[in-house]
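Following: one structure in structure tokens, then a few remarks.
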Amino acid sequence: MSSENPISNSSLIQRPRRLRTNPALRSMVQETQLTVDDLIYPMFVMEGENQKVEISSMPGCYRYTLDLLLAEIKQVKELGINAIALFPLIPEAKKDDIGKESYNPDGLVQTTVKAIKQAVPEILVITDVALDPFSIHGHDGIVNDKGVILNDPTVEVLVKMAISQAEAGTDIVAPSDMMDGRVGAIRQALDAAGYFHVAILAYSAKYASSYYGPFRDALDSAPKFGDKKTYQMDAANAREALKEVALDIAEGADIVMVKPALAYMDIIYQIKSTTNLPVAAYNVSGEYAMIKAAAQQGWIDEKKVILETLTSMKRAGADLILTYFAKEVALMLH
């Protein structure tokens with residue numbers, strides 16, 4: 001017989017377990033719901049035809065040539081995913097030290113956007129605004145002869161890049177470079193060119209994170225020297241994120257984003273608590289790769305961990321989640 005005194009029924013007025021009794025009750029009182037509408041699917045495009053190349057560090061993710069990308073996007077839309085984020089693999093021969101290819105009207109990104117809007121016009125296209133895929137050094141900005149990333153000259157190129165993407169038909173431009181003042185400059189230029197309808201998703205709190213490795217493999221965009229700590233945020237800082245968000249909102253951002261997501265839930269929560277704009281979170285490549293690797297070893301239940309992870313991001317305050325799991329999640333939620 002237990003030495004513990006039994007709890008008197010009359011002393012337990014509140015029994016939280018009552019609302020966990022069965023699936024119907026649990027579903028009815030569930031506070032956070034993850035839906036397909038929350039998801040943005042990052043996709044990789046490359047030059048050529050009829051090619052689909054798996055990214056070794058991101059199992060299940062591929063670089064597509066345009067013809068196969070369009071077929072994949074049609075499937076994505078049929079699953080109910082309403083937005084994709086486009087990232088280009090640029091050949092070395094087209095890279096330089098100032099990113100001229102980034103605003104080429106006949107460039108890979110611009111051509112791809114036009115084709116997507118013709119083939120699947122109802123899907124939202126989000127285009128990345130940063131120089132790292134286009135630069136020979138892999139940095140997000142123009143670099144001087146001393147290895148310093150130049151802010152204002154970079155912003156001038158980013159503006160050209162955003163305008164060229166708007167001309168191609170993108171719905172949302174997403175500056176991910178973390179240069180000071182780029183949101184305001186892009187907004188002013190878009191409006192002056194008549195692209196009032198093109199929204200800005202600002203990578204407002206983008207940290208200098210170690211979780212980006214597989215993505216850099218995907219685009220062959222790892223920095224050739226140094227790191228990105230002079231422009232991306234210090235992982236130790238939280239108040240600075242609120243400052244960056246406030247600046248981007250003042251400059252005209254329509255959506256603000258935290259990147260990465262999983263190790264920065266507190267940042268998502270704080271930003272959600274201090275702004276009335278939609279908050280996006282980027283479930284980045286390293287987060288994706290860790291779950292895939294553990295699942296391949298049989299250490300976790302992959303589907304359950306994916307849903308728990310993305311639901312936690314939503315619970316923290318993310319209205320939108322960029323995730324490489326988008327297609328898998330859409331299939332799970334159907």
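For the structure tokens, the naming scheme is as follows: chains receive sequential letters (A, B, ...) according to their order of presentation, residues are indexed from 1 within each chain, and ligands are indexed from 1 in presentation order.
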Contacts of Tyr203 in chain A at 9 Å (only C-alpha atoms; same-chain gap of 5+ positions) as a list in words: Ala174, Pro175, Ser176, Asp177, Met178, Val245, Asp248, Ile255, Val256, Met257, Val258, Lys259 and Ala280 of chain A
Residues within 12 Å of Asp132 in chain A, only C-alpha atoms, excluding chain neighbours under 4 positions, as a ChimeraX atom specification: /A:87-90,92,95-102,128,136-143,149,154,158,175-178,215-216,219-224,228
Given only C-alpha atoms as the counted atoms, nearest of A:Thr311, A:Ser273, A:Ser204, A:Ser56 to Ala253 in chain A: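 Among the listed residues, the smallest separation from Ala253 in chain A belongs to A:Ser204.
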Selection: 12 Å around Phe44 in chain A, only C-alpha atoms, excl. self and same-chain fewer than 4 positions, as an MDAnalysis selection string: chainID A and resid 51:55 58 61:66 68:70 72:73 84:90 108:109 112 127:128 133 215:220 324
Convert the current residue selection to file output with N, CA and C atoms, as a JSON list (two decimals), in the first residue's frame.
```json
[["chain", "number", "residue", "atom", "x", "y", "z"],
["A", 51, "GLN", "N", 16.75, 18.59, -65.97],
["A", 51, "GLN", "CA", 17.66, 18.14, -64.92],
["A", 51, "GLN", "C", 17.04, 18.40, -63.55],
["A", 52, "LYS", "N", 17.24, 17.42, -62.68],
["A", 52, "LYS", "CA", 16.79, 17.49, -61.30],
["A", 52, "LYS", "C", 17.90, 16.88, -60.46],
["A", 53, "VAL", "N", 18.60, 17.71, -59.69],
["A", 53, "VAL", "CA", 19.78, 17.27, -58.97],
["A", 53, "VAL", "C", 19.54, 17.37, -57.47],
["A", 54, "GLU", "N", 19.62, 16.25, -56.77],
["A", 54, "GLU", "CA", 19.40, 16.28, -55.33],
["A", 54, "GLU", "C", 20.57, 16.96, -54.63],
["A", 55, "ILE", "N", 20.27, 17.73, -53.60],
["A", 55, "ILE", "CA", 21.29, 18.41, -52.80],
["A", 55, "ILE", "C", 21.72, 17.43, -51.71],
["A", 58, "MET", "N", 20.84, 18.05, -48.17],
["A", 58, "MET", "CA", 19.43, 18.32, -47.94],
["A", 58, "MET", "C", 18.59, 17.23, -48.62],
["A", 61, "CYS", "N", 15.51, 17.50, -51.25],
["A", 61, "CYS", "CA", 15.48, 18.83, -51.88],
["A", 61, "CYS", "C", 16.34, 18.79, -53.14],
["A", 62, "TYR", "N", 15.90, 19.51, -54.15],
["A", 62, "TYR", "CA", 16.54, 19.43, -55.47],
["A", 62, "TYR", "C", 16.75, 20.80, -56.08],
["A", 63, "ARG", "N", 17.76, 20.86, -56.94],
["A", 63, "ARG", "CA", 17.88, 21.97, -57.89],
["A", 63, "ARG", "C", 17.19, 21.53, -59.16],
["A", 64, "TYR", "N", 16.34, 22.39, -59.72],
["A", 64, "TYR", "CA", 15.60, 22.06, -60.93],
["A", 64, "TYR", "C", 15.98, 23.00, -62.07],
["A", 65, "THR", "N", 16.03, 22.47, -63.28],
["A", 65, "THR", "CA", 16.03, 23.36, -64.43],
["A", 65, "THR", "C", 14.60, 23.87, -64.59],
["A", 66, "LEU", "N", 14.45, 24.94, -65.35],
["A", 66, "LEU", "CA", 13.17, 25.64, -65.40],
["A", 66, "LEU", "C", 12.02, 24.74, -65.82],
["A", 68, "LEU", "N", 11.51, 21.51, -65.45],
["A", 68, "LEU", "CA", 11.08, 20.62, -64.37],
["A", 68, "LEU", "C", 10.59, 21.39, -63.15],
["A", 69, "LEU", "N", 11.14, 22.59, -62.96],
["A", 69, "LEU", "CA", 10.67, 23.44, -61.85],
["A", 69, "LEU", "C", 9.19, 23.78, -62.04],
["A", 70, "LEU", "N", 8.81, 24.12, -63.26],
["A", 70, "LEU", "CA", 7.42, 24.48, -63.53],
["A", 70, "LEU", "C", 6.49, 23.30, -63.24],
["A", 72, "GLU", "N", 7.05, 20.92, -61.10],
["A", 72, "GLU", "CA", 7.03, 20.77, -59.64],
["A", 72, "GLU", "C", 6.13, 21.82, -58.99],
["A", 73, "ILE", "N", 6.19, 23.05, -59.47],
["A", 73, "ILE", "CA", 5.36, 24.12, -58.91],
["A", 73, "ILE", "C", 3.88, 23.83, -59.11],
["A", 84, "ILE", "N", 5.92, 30.30, -53.13],
["A", 84, "ILE", "CA", 7.26, 29.73, -53.19],
["A", 84, "ILE", "C", 8.29, 30.85, -53.06],
["A", 85, "ALA", "N", 9.45, 30.51, -52.52],
["A", 85, "ALA", "CA", 10.57, 31.44, -52.46],
["A", 85, "ALA", "C", 11.65, 30.90, -53.40],
["A", 86, "LEU", "N", 12.08, 31.72, -54.33],
["A", 86, "LEU", "CA", 12.96, 31.26, -55.41],
["A", 86, "LEU", "C", 14.42, 31.63, -55.14],
["A", 87, "PHE", "N", 15.31, 30.64, -55.31],
["A", 87, "PHE", "CA", 16.75, 30.86, -55.13],
["A", 87, "PHE", "C", 17.50, 30.27, -56.33],
["A", 88, "PRO", "N", 18.42, 31.05, -56.92],
["A", 88, "PRO", "CA", 19.10, 30.60, -58.15],
["A", 88, "PRO", "C", 20.50, 30.05, -57.92],
["A", 89, "LEU", "N", 20.85, 29.03, -58.69],
["A", 89, "LEU", "CA", 22.24, 28.56, -58.77],
["A", 89, "LEU", "C", 22.84, 29.21, -60.00],
["A", 90, "ILE", "N", 23.74, 30.15, -59.79],
["A", 90, "ILE", "CA", 24.33, 30.93, -60.90],
["A", 90, "ILE", "C", 25.67, 30.31, -61.30],
["A", 108, "LEU", "N", 18.64, 34.38, -65.02],
["A", 108, "LEU", "CA", 17.96, 33.17, -64.59],
["A", 108, "LEU", "C", 16.74, 33.47, -63.74],
["A", 109, "VAL", "N", 16.89, 34.36, -62.77],
["A", 109, "VAL", "CA", 15.77, 34.67, -61.88],
["A", 109, "VAL", "C", 14.63, 35.33, -62.65],
["A", 112, "THR", "N", 12.89, 32.94, -64.98],
["A", 112, "THR", "CA", 12.12, 31.97, -64.22],
["A", 112, "THR", "C", 10.83, 32.57, -63.69],
["A", 127, "THR", "N", 11.02, 36.55, -54.37],
["A", 127, "THR", "CA", 12.38, 36.51, -54.91],
["A", 127, "THR", "C", 13.39, 37.10, -53.93],
["A", 128, "ASP", "N", 14.51, 36.44, -53.81],
["A", 128, "ASP", "CA", 15.58, 36.84, -52.91],
["A", 128, "ASP", "C", 16.32, 38.05, -53.47],
["A", 133, "PRO", "N", 24.54, 34.89, -54.29],
["A", 133, "PRO", "CA", 24.56, 33.90, -55.38],
["A", 133, "PRO", "C", 25.25, 34.40, -56.64],
["A", 215, "PHE", "N", 22.32, 25.11, -47.18],
["A", 215, "PHE", "CA", 21.82, 26.06, -48.18],
["A", 215, "PHE", "C", 22.97, 26.58, -49.05],
["A", 216, "ARG", "N", 24.09, 26.86, -48.42],
["A", 216, "ARG", "CA", 25.24, 27.36, -49.19],
["A", 216, "ARG", "C", 25.79, 26.28, -50.11],
["A", 217, "ASP", "N", 25.64, 25.02, -49.71],
["A", 217, "ASP", "CA", 25.97, 23.92, -50.63],
["A", 217, "ASP", "C", 25.05, 23.96, -51.85],
["A", 218, "ALA", "N", 23.77, 24.19, -51.59],
["A", 218, "ALA", "CA", 22.77, 24.17, -52.66],
["A", 218, "ALA", "C", 23.04, 25.21, -53.72],
["A", 219, "LEU", "N", 23.53, 26.38, -53.29],
["A", 219, "LEU", "CA", 23.74, 27.48, -54.23],
["A", 219, "LEU", "C", 25.22, 27.75, -54.51],
["A", 220, "ASP", "N", 26.10, 26.95, -53.92],
["A", 220, "ASP", "CA", 27.53, 27.18, -54.06],
["A", 220, "ASP", "C", 27.85, 28.64, -53.75],
["A", 324, "TYR", "N", 11.55, 23.83, -46.00],
["A", 324, "TYR", "CA", 11.78, 22.81, -47.02],
["A", 324, "TYR", "C", 10.88, 21.60, -46.79]]
```
Which neighbours of Met233 in chain A fall inside 9 Å, counting only C-alpha atoms, when residues of the same chain fewer than 4 positions from it are skipped, and could you give them as an mmCIF file with C-alpha atoms, in the first residue's frame?
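Here's the written file selection-v2.cif:
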```cif
data_model
loop_
_atom_site.group_PDB
_atom_site.id
_atom_site.type_symbol
_atom_site.label_atom_id
_atom_site.label_comp_id
_atom_site.auth_asym_id
_atom_site.auth_seq_id
_atom_site.Cartn_x
_atom_site.Cartn_y
_atom_site.Cartn_z
ATOM 1 C CA MET A 178 21.160 42.820 -43.979
ATOM 2 C CA ALA A 205 16.481 39.675 -37.842
ATOM 3 C CA LYS A 206 18.886 37.506 -39.816
ATOM 4 C CA TYR A 207 21.571 36.038 -37.634
ATOM 5 C CA ALA A 208 25.142 35.052 -38.538
ATOM 6 C CA SER A 209 24.210 31.436 -37.972
ATOM 7 C CA LYS A 228 29.228 37.459 -42.507
ATOM 8 C CA LYS A 229 29.386 38.808 -38.970
ATOM 9 C CA ASN A 237 21.628 39.571 -29.253
ATOM 10 C CA GLU A 240 19.064 44.379 -31.443
ATOM 11 C CA ALA A 241 16.499 42.279 -33.327
#
```
Near-Glu302 in chain A list (12 Å; only C-alpha atoms; drop same-chain fewer than 2 positions) as a list in words: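 Non-adjacent residues within range: Tyr288, Ala289, Met290, Ile291, Lys292, Ala293, Ala294, Ala295, Gln296, Gln297, Gly298, Trp299, Ile300, Lys304, Val305, Ile306, Leu307, Glu308, Thr309, Phe325, Glu328, Val329 and Met332 of chain A.
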Please produce a file of those selected residues containing C-alpha atoms, as a compact mmCIF listing (two decimals), in the first residue's frame.
```txt
# COMPACT_ATOMS: atom_id res chain seq x y z
CA TYR A 288 15.93 20.58 -42.02
CA ALA A 289 19.10 18.52 -42.43
CA MET A 290 19.29 17.60 -38.73
CA ILE A 291 15.77 16.17 -38.73
CA LYS A 292 16.41 14.30 -41.98
CA ALA A 293 19.68 12.85 -40.69
CA ALA A 294 18.17 11.71 -37.39
CA ALA A 295 15.21 10.16 -39.23
CA GLN A 296 17.52 8.29 -41.60
CA GLN A 297 19.24 6.78 -38.55
CA GLY A 298 15.86 5.71 -37.16
CA TRP A 299 16.34 7.84 -34.06
CA ILE A 300 13.12 9.87 -34.39
CA LYS A 304 5.80 13.68 -35.84
CA VAL A 305 8.99 15.69 -35.29
CA ILE A 306 8.36 17.80 -38.42
CA LEU A 307 4.84 18.70 -37.31
CA GLU A 308 5.92 19.37 -33.72
CA THR A 309 8.79 21.59 -34.88
CA PHE A 325 9.25 20.52 -45.35
CA GLU A 328 5.70 16.92 -46.96
CA VAL A 329 3.60 18.88 -44.45
CA MET A 332 0.38 15.20 -44.03
```
Minimum-distance residue to Ala235 in chain A, chosen among A:Ile321, A:Ala263, A:Ala71, A:Ile40 (using only C-alpha atoms):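 Looking at the shortest contact to Ala235 in chain A, the residue is A:Ala263.
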Residue nearest Asn82 in chain A among A:Ala119, A:Val198, A:Val125, A:Ala192 (counting only C-alpha atoms):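 Between A:Ala119, A:Val198, A:Val125, A:Ala192, the residue approaching Asn82 in chain A most closely is A:Val125.
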Selection near Tyr211 in chain A, 7 Å with only C-alpha atoms, sequence-local residues under 4 positions removed, as a PyMOL selection string: chain A and resi 284-287
Can I get the selection written as a short mmCIF file (atom, residue, chain, number, x, y, z; two decimals), in the first residue's frame, with N, CA, C and O atoms?
```
data_model
loop_
_atom_site.label_atom_id
_atom_site.label_comp_id
_atom_site.auth_asym_id
_atom_site.auth_seq_id
_atom_site.Cartn_x
_atom_site.Cartn_y
_atom_site.Cartn_z
N VAL A 284 15.39 26.89 -41.48
CA VAL A 284 16.51 26.89 -42.43
C VAL A 284 17.07 25.50 -42.70
O VAL A 284 16.70 24.50 -42.07
N SER A 285 18.01 25.47 -43.65
CA SER A 285 18.53 24.21 -44.18
C SER A 285 19.18 23.33 -43.11
O SER A 285 19.03 22.10 -43.14
N GLY A 286 19.90 23.92 -42.16
CA GLY A 286 20.53 23.12 -41.12
C GLY A 286 19.52 22.46 -40.21
O GLY A 286 19.70 21.32 -39.76
N GLU A 287 18.42 23.17 -39.94
CA GLU A 287 17.34 22.60 -39.13
C GLU A 287 16.69 21.43 -39.87
O GLU A 287 16.37 20.39 -39.28
#
```
Those of range 100-334 of chain A in DSSP helix (DSSP H, G or I), formatted as a ChimeraX atom specification: /A:100-103,108-119,151-168,182-192,210-219,239-251,262-274,285-296,302-316,326-333
Which residue of A:Gly184, A:Gly48, A:Gly252, A:Gly169 approaches Ala115 in chain A most closely, using only C-alpha atoms: A:Gly169
Atomic distance CA of Val120 in chain A - CA of Val45 in chain A, expressed in Å with one decimal: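 Distance between the two atoms: 15.9 Å.
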Members of range 41-236 of chain A assigned strand (DSSP E) by DSSP, as a ChimeraX atom specification: /A:41-46,52-54,62-65,83-89,124-129,142-143,149-150,172-175,199-206
Best match for closeness to Gly194 in chain A among A:Ala330, A:Leu247, A:Ile163, A:Leu79, counting only C-alpha atoms: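 For Gly194 in chain A, the nearest of the candidates is A:Ile163.
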Å distance separating CA of Ala199 in chain A from CA of Gln75 in chain A, one decimal place: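 Those two atoms sit 25.0 Å apart.
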Among the residues A:Val148, A:Asp171, A:Thr274, A:Met161, the one that comes closest to Ile186 in chain A [using only C-alpha atoms]: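 Nearest to Ile186 in chain A: A:Met161.
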Separation of CA of Met179 in chain A from CA of Ala250 in chain A, in Å and rounded to one decimal: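 Taking CA of Met179 in chain A and CA of Ala250 in chain A, their separation equals 15.2 Å.
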